[in-house]
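Peer 1: Structure below; questions to follow.
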Amino acid sequence: MSRAFHVAVEVRLREGIADPQGLTIERALPALGFNGVSGVRVGKSLRFMVEAVGEAEARRQVEAMCDRFLANPVIEDVGISLRPAT
């Protein structure tokens, strides 16, 4: 019997990979009055539901989605959080 899981996926560039969006934001913040900000990195956050027989299977599905479509495993790292839907 399948259960629904809330999924949160955080995708971020790996250390050492240039982040031009982060650099643009970091350079713009002082002009807006926000000084002392450094190390800005931009990523993406995805939220969705998945149906699976258990948490381990849900995680396997989400990992496969990330590897095949949601992230570029060559330059990005992924964090996955799952919780059962109520």
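Following the order of the structure tokens, first chain is A, next is B, and so on, with residues numbered from 1 inside each chain and ligands from 1 in the order they appear.
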Would you mind listing what lies within 12 Å of Ile75 of chain A as number ranges by chain, with only C-alpha atoms counted and same-chain residues fewer than 5 positions away left out?
Peer 2: A: 11-19, 43, 67
Peer 1: Contacts of Gly39 of chain A at 10 Å or less, counting only C-alpha atoms, minus same-chain residues fewer than 3 places along, as an NGL selection string?
Peer 2: :A and (19 or 22-23 or 26 or 42)
Peer 1: Keeping only N, CA and C atoms, write the selected residues to a file as a PDB file, in the first residue's frame.
Peer 2:
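Output (out-v8.pdb):
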ATOM      1  N   ASP A  19      29.852  30.772  -9.136  1.00  0.00           N
ATOM      2  CA  ASP A  19      28.434  31.092  -8.959  1.00  0.00           C
ATOM      3  C   ASP A  19      28.209  32.557  -9.355  1.00  0.00           C
ATOM      4  N   GLY A  22      25.304  34.343  -7.506  1.00  0.00           N
ATOM      5  CA  GLY A  22      25.656  34.665  -6.132  1.00  0.00           C
ATOM      6  C   GLY A  22      26.568  35.868  -6.065  1.00  0.00           C
ATOM      7  N   LEU A  23      27.526  35.932  -6.964  1.00  0.00           N
ATOM      8  CA  LEU A  23      28.462  37.055  -6.997  1.00  0.00           C
ATOM      9  C   LEU A  23      27.747  38.356  -7.331  1.00  0.00           C
ATOM     10  N   GLU A  26      25.862  39.400  -4.232  1.00  0.00           N
ATOM     11  CA  GLU A  26      26.812  39.857  -3.214  1.00  0.00           C
ATOM     12  C   GLU A  26      27.321  41.261  -3.516  1.00  0.00           C
ATOM     13  N   VAL A  42      23.820  30.812  -4.781  1.00  0.00           N
ATOM     14  CA  VAL A  42      22.438  30.667  -5.221  1.00  0.00           C
ATOM     15  C   VAL A  42      22.184  29.202  -5.556  1.00  0.00           C
TER      16      VAL A  42
END
Peer 1: Can you list every residue in segment 8-61 of chain A that DSSP puts in strand (DSSP E), as a ChimeraX atom specification?
Peer 2: /A:8-13,43-52
Peer 1: Save out the residues we just selected, C-alpha atoms, as a tab-separated table (two decimals), in the first residue's frame.
Peer 2:
chain	number	residue	atom	x	y	z
A	8	ALA	CA	12.02	18.97	-0.05
A	9	VAL	CA	15.01	19.04	-2.39
A	10	GLU	CA	17.76	21.65	-2.04
A	11	VAL	CA	20.12	21.92	-5.00
A	12	ARG	CA	23.31	23.95	-4.68
A	13	LEU	CA	26.50	24.37	-6.64
A	43	GLY	CA	20.62	27.36	-5.49
A	44	LYS	CA	17.13	26.07	-6.02
A	45	SER	CA	14.54	24.60	-3.74
A	46	LEU	CA	11.90	22.14	-4.90
A	47	ARG	CA	8.86	20.96	-2.93
A	48	PHE	CA	6.53	18.18	-4.04
A	49	MET	CA	4.70	15.03	-2.95
A	50	VAL	CA	5.60	11.48	-3.91
A	51	GLU	CA	3.73	8.20	-3.45
A	52	ALA	CA	5.75	5.15	-2.35
Peer 1: Neighbours of Arg59 of chain A within 8 Å (only C-alpha atoms; same-chain residues fewer than 3 positions away dropped), as a ChimeraX atom specification?
Peer 2: /A:55-56,62-63,80,82
Peer 1: With C-alpha atoms kept, could you save the residues just selected as a compact mmCIF listing (two decimals), in the first residue's frame?
Peer 2:
# COMPACT_ATOMS: atom_id res chain seq x y z
CA GLU A 55 10.31 6.09 3.13
CA ALA A 56 13.27 4.14 1.71
CA VAL A 62 13.67 11.18 -5.36
CA GLU A 63 17.40 10.40 -5.66
CA ILE A 80 16.74 15.62 0.33
CA LEU A 82 11.21 13.51 3.43
Peer 1: Quick one: of A:Pro20, A:Pro84, A:Gly79, A:Pro73, who's nearest to Arg41 of chain A, counting only C-alpha atoms?
Peer 2: A:Pro20
Peer 1: With DSSP run on the backbone, what are the helix (DSSP H, G or I) residues within chain A? I'd like them as a PyMOL selection string.
Peer 2: chain A and resi 20-32+55-70
Peer 1: Write the selection just made, keeping C-alpha atoms, as a compact mmCIF listing (two decimals), in the first residue's frame?
Peer 2:
# COMPACT_ATOMS: atom_id res chain seq x y z
CA PRO A 20 27.88 34.22 -11.09
CA GLN A 21 24.37 34.77 -9.69
CA GLY A 22 25.66 34.66 -6.13
CA LEU A 23 28.46 37.06 -7.00
CA THR A 24 26.03 39.52 -8.63
CA ILE A 25 23.82 39.48 -5.53
CA GLU A 26 26.81 39.86 -3.21
CA ARG A 27 28.06 42.88 -5.18
CA ALA A 28 24.61 44.52 -5.27
CA LEU A 29 23.77 44.24 -1.57
CA PRO A 30 26.05 47.08 -0.34
CA ALA A 31 24.36 49.48 -2.79
CA LEU A 32 21.08 48.61 -1.06
CA GLU A 55 10.31 6.09 3.13
CA ALA A 56 13.27 4.14 1.71
CA GLU A 57 11.49 3.67 -1.61
CA ALA A 58 10.42 7.33 -1.67
CA ARG A 59 14.05 8.38 -1.10
CA ARG A 60 15.24 6.07 -3.92
CA GLN A 61 12.69 7.63 -6.28
CA VAL A 62 13.67 11.18 -5.36
CA GLU A 63 17.40 10.40 -5.66
CA ALA A 64 16.77 8.99 -9.14
CA MET A 65 14.79 12.12 -10.09
CA CYS A 66 17.68 14.28 -8.91
CA ASP A 67 20.30 12.24 -10.76
CA ARG A 68 18.33 12.16 -14.01
CA PHE A 69 16.56 15.52 -14.13
CA LEU A 70 16.41 17.84 -11.12
